[in-house]
file upload-v2.cif (mmCIF, C-alpha atoms)
data_final
loop_
_atom_site.label_atom_id
_atom_site.label_comp_id
_atom_site.auth_asym_id
_atom_site.auth_seq_id
_atom_site.Cartn_x
_atom_site.Cartn_y
_atom_site.Cartn_z
CA MET V 1 -1.54 4.66 13.57
CA ALA V 2 1.96 3.90 14.82
CA ALA V 3 2.67 0.39 16.06
CA MET V 4 -0.96 -0.56 16.64
CA GLY V 5 -1.35 -2.57 13.46
CA THR V 6 -1.09 -6.29 12.92
CA LEU V 7 0.29 -6.33 9.38
CA ALA V 8 3.24 -8.68 8.84
CA VAL V 9 3.76 -9.43 5.17
CA THR V 10 7.45 -9.07 4.24
CA GLY V 11 9.21 -11.56 6.51
CA ASP V 12 11.50 -8.66 7.47
CA HIS V 13 10.78 -7.12 10.87
CA GLU V 14 12.25 -3.71 10.00
CA ALA V 15 10.27 -3.47 6.75
CA ASP V 16 7.02 -4.53 8.46
CA GLN V 17 7.64 -2.08 11.31
CA LEU V 18 8.02 0.82 8.89
CA LEU V 19 4.63 -0.08 7.38
CA LEU V 20 3.09 -0.11 10.86
CA ASP V 21 4.67 3.21 11.85
CA ASP V 22 4.49 5.26 8.66
CA PRO V 23 1.20 5.78 6.79
CA PHE V 24 3.02 7.10 3.72
CA ALA V 25 5.18 3.94 3.55
CA LEU V 26 2.02 1.84 3.76
CA LEU V 27 0.30 3.76 0.94
CA LEU V 28 3.43 3.57 -1.18
CA ALA V 29 3.78 -0.19 -0.65
CA MET V 30 0.17 -0.75 -1.68
CA MET V 31 0.66 1.39 -4.78
CA LEU V 32 3.69 -0.71 -5.75
CA ASP V 33 1.80 -3.99 -5.22
CA GLN V 34 1.16 -4.88 -8.83
CA GLN V 35 2.96 -7.19 -11.24
CA ILE V 36 5.52 -8.13 -8.57
CA PRO V 37 5.43 -10.41 -5.50
CA MET V 38 3.65 -8.86 -2.53
CA GLU V 39 6.71 -9.12 -0.28
CA TRP V 40 8.81 -7.21 -2.81
CA ALA V 41 6.27 -4.38 -2.99
CA PHE V 42 5.91 -4.10 0.77
CA LYS V 43 9.70 -4.19 1.38
CA SER V 44 10.29 -1.40 -1.14
CA PRO V 45 9.42 1.54 1.16
CA LEU V 46 12.21 0.52 3.56
CA ARG V 47 14.66 0.21 0.67
CA LEU V 48 13.60 3.64 -0.59
CA LYS V 49 13.96 5.12 2.88
CA LYS V 50 17.55 3.89 3.00
CA ARG V 51 18.25 5.34 -0.45
CA ILE V 52 16.85 8.79 0.36
CA PRO V 53 17.82 9.07 4.03
CA ASN V 54 17.25 11.81 6.60
CA ASP V 55 13.67 12.65 5.63
CA PHE V 56 11.59 9.82 4.22
CA SER V 57 8.27 11.55 3.70
CA ALA V 58 5.70 12.46 1.08
CA LYS V 59 7.06 16.03 1.11
CA ARG V 60 10.62 14.88 0.44
CA LEU V 61 9.67 12.46 -2.33
CA ALA V 62 7.37 15.02 -3.95
CA ALA V 63 10.19 17.58 -4.05
CA LEU V 64 12.93 15.17 -5.11
CA ASN V 65 14.50 15.69 -8.52
CA PRO V 66 12.76 13.15 -10.84
CA ASP V 67 16.13 11.76 -12.01
CA THR V 68 17.19 11.22 -8.39
CA ALA V 69 13.89 9.48 -7.61
CA GLU V 70 14.23 7.25 -10.66
CA ALA V 71 17.82 6.37 -9.75
CA ALA V 72 16.67 5.41 -6.23
CA PHE V 73 13.99 3.14 -7.70
CA LYS V 74 16.41 1.57 -10.19
CA GLU V 75 19.28 0.93 -7.76
CA LYS V 76 19.71 -2.81 -7.23
CA PRO V 77 17.65 -4.44 -6.01
CA ALA V 78 15.14 -2.40 -7.99
CA LEU V 79 12.04 -1.33 -6.09
CA HIS V 80 9.74 -2.63 -8.81
CA ARG V 81 9.75 -4.53 -12.07
CA PHE V 82 9.11 -1.18 -13.80
CA PRO V 83 11.20 1.17 -11.63
CA GLY V 84 11.13 4.21 -13.92
CA SER V 85 7.35 4.40 -14.30
CA MET V 86 6.81 3.52 -10.65
CA ALA V 87 9.22 6.27 -9.53
CA ARG V 88 7.08 8.77 -11.46
CA ARG V 89 3.86 7.35 -10.04
CA ALA V 90 5.30 7.40 -6.50
CA GLN V 91 6.15 11.07 -6.91
CA GLU V 92 2.61 11.73 -8.19
CA LEU V 93 1.25 9.97 -5.10
CA ALA V 94 3.54 12.01 -2.84
CA ARG V 95 2.50 15.28 -4.52
CA HIS V 96 -1.18 14.38 -4.13
CA ILE V 97 -0.65 13.81 -0.41
CA VAL V 98 1.24 17.10 -0.05
CA THR V 99 -1.37 19.07 -2.00
CA ASN V 100 -4.50 17.53 -0.52
CA TYR V 101 -3.50 16.26 2.93
CA HIS V 102 -0.77 18.64 4.14
CA GLY V 103 1.87 15.99 3.49
CA ASP V 104 0.39 13.59 6.07
CA ALA V 105 -0.92 10.38 4.52
CA ALA V 106 -2.91 9.51 7.66
CA ASN V 107 -5.08 12.57 7.01
CA ILE V 108 -6.65 10.58 4.18
CA TRP V 109 -8.46 8.43 6.72
CA ASN V 110 -8.22 10.30 10.04
CA ASP V 111 -11.17 12.62 9.42
CA THR V 112 -13.47 10.49 7.29
CA ASN V 113 -16.94 9.65 8.55
CA THR V 114 -17.97 6.86 6.19
CA GLY V 115 -16.40 3.99 4.36
CA GLN V 116 -17.71 5.38 1.08
CA GLU V 117 -16.02 8.73 1.72
CA LEU V 118 -12.72 7.01 2.50
CA LEU V 119 -13.05 4.78 -0.56
CA GLY V 120 -13.52 7.89 -2.71
CA ARG V 121 -10.38 9.48 -1.25
CA LEU V 122 -8.39 6.31 -1.89
CA GLN V 123 -9.65 5.97 -5.46
CA ALA V 124 -8.47 9.54 -6.14
CA LEU V 125 -4.87 8.60 -5.27
CA PRO V 126 -2.43 8.21 -8.18
CA GLY V 127 -1.81 4.51 -8.74
CA TYR V 128 -5.02 3.43 -6.99
CA GLY V 129 -7.92 2.02 -8.96
CA GLU V 130 -11.19 0.76 -7.53
CA GLU V 131 -9.95 -2.68 -6.50
CA LYS V 132 -6.70 -1.41 -4.93
CA ALA V 133 -8.66 1.26 -3.04
CA LYS V 134 -11.08 -1.38 -1.71
CA ILE V 135 -8.23 -3.65 -0.63
CA PHE V 136 -6.47 -0.76 1.11
CA LEU V 137 -9.70 0.17 2.92
CA ALA V 138 -10.00 -3.46 4.06
CA LEU V 139 -6.35 -3.38 5.16
CA LEU V 140 -6.94 -0.24 7.23
CA ALA V 141 -9.97 -1.82 8.89
CA LYS V 142 -8.63 -5.33 9.47
CA ARG V 143 -5.00 -4.57 10.31
CA PHE V 144 -5.20 -1.05 11.84
CA GLY V 145 -8.71 -0.74 13.28
CA VAL V 146 -9.68 2.17 10.99
CA LYS V 147 -13.37 1.38 10.57
CA PRO V 148 -15.52 4.32 9.43
CA GLN V 149 -19.25 3.67 9.30
CA GLY V 150 -20.14 1.36 6.41
CA TRP V 151 -16.56 0.30 5.67
CA GLU V 152 -17.62 -3.31 5.08
CA GLN V 153 -20.05 -2.39 2.31
CA ALA V 154 -17.61 0.09 0.77
CA CYS V 155 -14.85 -2.48 0.30
CA MET V 156 -16.79 -5.65 -0.45
CA PRO V 157 -15.87 -8.39 -1.12
CA PHE V 158 -12.59 -7.69 0.71
CA ALA V 159 -14.27 -7.14 4.09
CA ASP V 160 -15.19 -10.82 4.46
CA GLY V 161 -13.15 -13.48 6.24
CA THR V 162 -11.75 -15.12 3.11
CA PRO V 163 -7.93 -14.90 3.13
CA ARG V 164 -7.60 -13.21 -0.26
CA THR V 165 -5.37 -10.10 -0.01
CA VAL V 166 -2.69 -8.31 1.99
CA ALA V 167 -5.52 -7.07 4.23
CA ASP V 168 -5.73 -10.61 5.61
CA ILE V 169 -2.02 -11.07 6.42
CA ASP V 170 -0.78 -10.83 9.99
CA GLY V 171 2.09 -13.30 9.70
CA PRO V 172 3.64 -16.18 7.72
CA ASN V 173 0.70 -18.57 8.17
CA ALA V 174 -1.78 -15.99 6.91
CA LEU V 175 0.52 -15.20 3.97
CA ALA V 176 0.58 -18.91 3.07
CA SER V 177 -3.24 -19.03 3.30
CA VAL V 178 -3.61 -16.03 0.99
CA ARG V 179 -1.18 -17.56 -1.51
CA ALA V 180 -3.02 -20.91 -1.45
CA TRP V 181 -6.40 -19.20 -1.91
CA LYS V 182 -5.10 -17.12 -4.86
CA LYS V 183 -3.60 -20.24 -6.47
CA ALA V 184 -6.92 -22.07 -6.13
CA GLN V 185 -8.81 -19.09 -7.58
CA LYS V 186 -6.43 -18.91 -10.53
CA ALA V 187 -6.91 -22.64 -11.19
CA LYS V 188 -10.68 -22.00 -11.31
CA GLY V 189 -10.18 -19.04 -13.63
CA LYS V 190 -11.40 -16.61 -10.98
CA SER V 191 -9.93 -13.43 -9.50
CA LYS V 192 -9.45 -12.28 -5.91
CA SER V 193 -12.72 -10.36 -6.04
CA ASP V 194 -14.79 -13.47 -7.00
#
call {"tool": "encode", "arguments": {"input": "upload-v2.cif", "output": "C-alpha cells"}}
result
Amino acid sequence: MAAMGTLAVTGDHEADQLLLDDPFALLLAMMLDQQIPMEWAFKSPLRLKKRIPNDFSAKRLAALNPDTAEAAFKEKPALHRFPGSMARRAQELARHIVTNYHGDAANIWNDTNTGQELLGRLQALPGYGEEKAKIFLALLAKRFGVKPQGWEQACMPFADGTPRTVADIDGPNALASVRAWKKAQKAKGKSKSD
C-alpha cells in the first residue's frame, strides 16, 4: 500500500505520508475520527509515533503498558478529546490486529475476495461500527485502489461521487468540498449517509 494512495487530509505532508505508508496508522486515524475535527484525528498517528519512537506498530502499541499508552495520548496536544478512553480503544485495536492479522494491518484487506468479506472484517475491529467500516472500505477503494469484488455495494452510500467523507479527500479543495457538503446536510437535518 505504501505511497500509492491519494489521501491528503491533514494539511501536514509528514502526517499524510505516514497514512499513505503505514496501514496501521491509517486504521488508527480512522478509529480516532469521531467527536473531533478530521484533521486532528488523522494527524494523531504521527504524533503518537513521535511519542513512542523506534517501533511504531500494532505489536508495540498492543504490548505497551496501558499507563504509558494513556500518557502518550494525553500529552499535549492530546491525541483526542477523550484521550484516556481512546488510548484503551487504540490498544484494543492493536491487539486485534496482532491476534488476527499477525500484527500487519494490511492483512485485513490484502487477502479478501469480496467487499462484503472486507466490510465484515472492518466491522469486527474495535472502535469500528457499521458506518465507520463502510467509510473505511470506501477510503481503501477510492484513495488506495483496494477494490474487492462488490465493494461499491458493500459500502453504499459512500461509494458514490458525493464528497461526503474522508474517502473523498485528496487535497485541500476536496476537504473544503466535504466540509461544505456536511454543513449543507446538517442544515437540512440529514447525516452523511443520507
call {"tool": "residues_near_point", "arguments": {"input": "upload-v2.cif", "point": "(-3.5, -18.9, -2.3)", "cutoff": "12 Å", "atoms": "only C-alpha atoms", "output": "number ranges by chain"}}
result
V: 162-166, 168-169, 173-188, 190-192
call {"tool": "closest_atom_pairs", "arguments": {"input": "upload-v2.cif", "of": "stretch 130-160 of chain V", "to": "stretch 100-120 of chain V", "cutoff": "9 Å", "atoms": "all atoms listed in the file", "output": "CSV"}}
result
residue,atom,partner,partner_atom,distance
V:Glu130,CA,V:Leu119,CA,8.3
V:Ala133,CA,V:Leu119,CA,6.1
V:Lys134,CA,V:Leu119,CA,6.6
V:Phe136,CA,V:Leu119,CA,8.8
V:Leu137,CA,V:Leu119,CA,6.7
V:Leu140,CA,V:Trp109,CA,8.8
V:Val146,CA,V:Trp109,CA,7.7
V:Lys147,CA,V:Gly115,CA,7.4
V:Pro148,CA,V:Thr114,CA,4.8
V:Gln149,CA,V:Thr114,CA,4.6
V:Gly150,CA,V:Gly115,CA,5.0
V:Trp151,CA,V:Gly115,CA,3.9
V:Glu152,CA,V:Gly115,CA,7.4
V:Gln153,CA,V:Gly115,CA,7.6
V:Ala154,CA,V:Gln116,CA,5.3
V:Cys155,CA,V:Leu119,CA,7.5
call {"tool": "residues_around", "arguments": {"input": "upload-v2.cif", "residues": "V:Phe82", "least_positions_apart": "6", "cutoff": "10 Å", "atoms": "only C-alpha atoms", "output": "ChimeraX atom specification"}}
result
/V:32,35-36,73-74
call {"tool": "write_last_selection", "arguments": {"input": "upload-v2.cif", "atoms": "C-alpha atoms", "output": "compact mmCIF listing (two decimals), in the frame of the given file"}}
result
# COMPACT_ATOMS: atom_id res chain seq x y z
CA LEU V 32 3.69 -0.71 -5.75
CA GLN V 35 2.96 -7.19 -11.24
CA ILE V 36 5.52 -8.13 -8.57
CA PHE V 73 13.99 3.14 -7.70
CA LYS V 74 16.41 1.57 -10.19
call {"tool": "closest_residue", "arguments": {"input": "upload-v2.cif", "among": "V:Asp160, V:Glu92, V:Asp194, V:Asp170", "to": "V:Leu28", "atoms": "all atoms listed in the file"}}
result
V:Glu92
call {"tool": "atom_distance", "arguments": {"input": "upload-v2.cif", "atom1": "atom CA of V:Leu19", "atom2": "atom CA of V:Pro66"}}
result
23.9 Å
call {"tool": "axis_aligned_box", "arguments": {"input": "upload-v2.cif", "around": "stretch 117-134 of chain V", "padding_each_side": "3 Å", "output": "AutoDock Vina command-line options"}}
result
--center_x -8.9 --center_y 3.4 --center_z -3.2 --size_x 20.2 --size_y 18.2 --size_z 17.5
call {"tool": "atom_distance", "arguments": {"input": "upload-v2.cif", "atom1": "atom CA of V:Ser44", "atom2": "atom CA of V:Ala25"}}
result
8.8 Å
call {"tool": "closest_residue", "arguments": {"input": "upload-v2.cif", "among": "V:Pro126, V:Gly11, V:Pro23, V:Pro77", "to": "V:Arg47", "atoms": "only C-alpha atoms"}}
result
V:Pro77
call {"tool": "closest_residue", "arguments": {"input": "upload-v2.cif", "among": "V:Gly189, V:Gly84, V:Pro53, V:Pro172", "to": "V:Asp12", "atoms": "all atoms listed in the file"}}
result
V:Pro172
call {"tool": "atom_distance", "arguments": {"input": "upload-v2.cif", "atom1": "atom CA of V:Gln34", "atom2": "atom CA of V:Lys132"}}
result
9.4 Å
call {"tool": "closest_residue", "arguments": {"input": "upload-v2.cif", "among": "V:Leu125, V:Met30, V:Ala71, V:Ala141", "to": "V:Thr6", "atoms": "only C-alpha atoms"}}
result
V:Ala141
call {"tool": "resolve_selection", "arguments": {"input": "upload-v2.cif", "expression": "the PyMOL selection byres ((chain V and resi 17) around 12)", "output": "list in words"}}
result
Met1, Ala2, Ala3, Met4, Gly5, Thr6, Leu7, Ala8, Val9, Thr10, Gly11, Asp12, His13, Glu14, Ala15, Asp16, Leu18, Leu19, Leu20, Asp21, Asp22, Pro23, Ala25, Leu26, Phe42, Lys43, Pro45 and Leu46 of chain V
call {"tool": "closest_residue", "arguments": {"input": "upload-v2.cif", "among": "V:Leu64, V:Gly145, V:Phe158, V:Ile97", "to": "V:Leu122", "atoms": "all atoms listed in the file"}}
result
V:Ile97
call {"tool": "residues_near_point", "arguments": {"input": "upload-v2.cif", "point": "(12.6, 5.9, -13.1)", "cutoff": "12 Å", "atoms": "all atoms listed in the file", "output": "JSON, numbers by chain"}}
result
{"V": [65, 66, 67, 68, 69, 70, 71, 72, 73, 74, 75, 78, 79, 80, 81, 82, 83, 84, 85, 86, 87, 88, 89, 90, 91]}
call {"tool": "closest_residue", "arguments": {"input": "upload-v2.cif", "among": "V:Arg51, V:Gln123, V:Glu39, V:Arg143", "to": "V:Lys76", "atoms": "all atoms listed in the file"}}
result
V:Arg51
call {"tool": "build_atoms", "arguments": {"input": "upload-v2.cif", "residues": "stretch 43-62 of chain V", "atoms": "N, CA and C atoms", "output": "short mmCIF file (atom, residue, chain, number, x, y, z; two decimals), in the frame of the given file"}}
result
data_model
loop_
_atom_site.label_atom_id
_atom_site.label_comp_id
_atom_site.auth_asym_id
_atom_site.auth_seq_id
_atom_site.Cartn_x
_atom_site.Cartn_y
_atom_site.Cartn_z
N LYS V 43 8.35 -4.48 0.89
CA LYS V 43 9.70 -4.19 1.38
C LYS V 43 10.26 -2.92 0.75
N SER V 44 9.72 -2.52 -0.39
CA SER V 44 10.29 -1.40 -1.14
C SER V 44 10.30 -0.07 -0.40
N PRO V 45 9.31 0.28 0.43
CA PRO V 45 9.42 1.54 1.16
C PRO V 45 10.65 1.61 2.07
N LEU V 46 11.01 0.51 2.72
CA LEU V 46 12.21 0.52 3.56
C LEU V 46 13.45 0.72 2.70
N ARG V 47 13.51 0.04 1.57
CA ARG V 47 14.66 0.21 0.67
C ARG V 47 14.75 1.66 0.20
N LEU V 48 13.60 2.25 -0.14
CA LEU V 48 13.60 3.64 -0.59
C LEU V 48 14.03 4.57 0.53
N LYS V 49 13.57 4.30 1.73
CA LYS V 49 13.96 5.12 2.88
C LYS V 49 15.48 5.12 3.07
N LYS V 50 16.10 3.98 2.85
CA LYS V 50 17.55 3.89 3.00
C LYS V 50 18.29 4.59 1.86
N ARG V 51 17.63 4.70 0.72
CA ARG V 51 18.25 5.34 -0.45
C ARG V 51 18.07 6.85 -0.46
N ILE V 52 17.04 7.34 0.21
CA ILE V 52 16.85 8.79 0.36
C ILE V 52 16.73 9.09 1.86
N PRO V 53 17.85 8.96 2.57
CA PRO V 53 17.82 9.07 4.03
C PRO V 53 17.55 10.48 4.54
N ASN V 54 17.41 10.57 5.82
CA ASN V 54 17.25 11.81 6.60
C ASN V 54 15.82 12.32 6.66
N ASP V 55 15.05 12.15 5.60
CA ASP V 55 13.67 12.65 5.63
C ASP V 55 12.82 11.84 4.67
N PHE V 56 12.49 10.63 5.06
CA PHE V 56 11.59 9.82 4.22
C PHE V 56 10.18 10.30 4.49
N SER V 57 9.62 11.00 3.53
CA SER V 57 8.27 11.55 3.70
C SER V 57 7.67 11.85 2.34
N ALA V 58 6.37 12.06 2.32
CA ALA V 58 5.70 12.46 1.08
C ALA V 58 6.27 13.79 0.59
N LYS V 59 6.52 14.72 1.50
CA LYS V 59 7.06 16.03 1.11
C LYS V 59 8.42 15.88 0.44
N ARG V 60 9.27 15.06 1.01
CA ARG V 60 10.62 14.88 0.44
C ARG V 60 10.55 14.21 -0.92
N LEU V 61 9.76 13.15 -1.05
CA LEU V 61 9.67 12.46 -2.33
C LEU V 61 9.03 13.35 -3.39
N ALA V 62 8.03 14.12 -3.01
CA ALA V 62 7.37 15.02 -3.95
C ALA V 62 8.34 16.06 -4.51
#
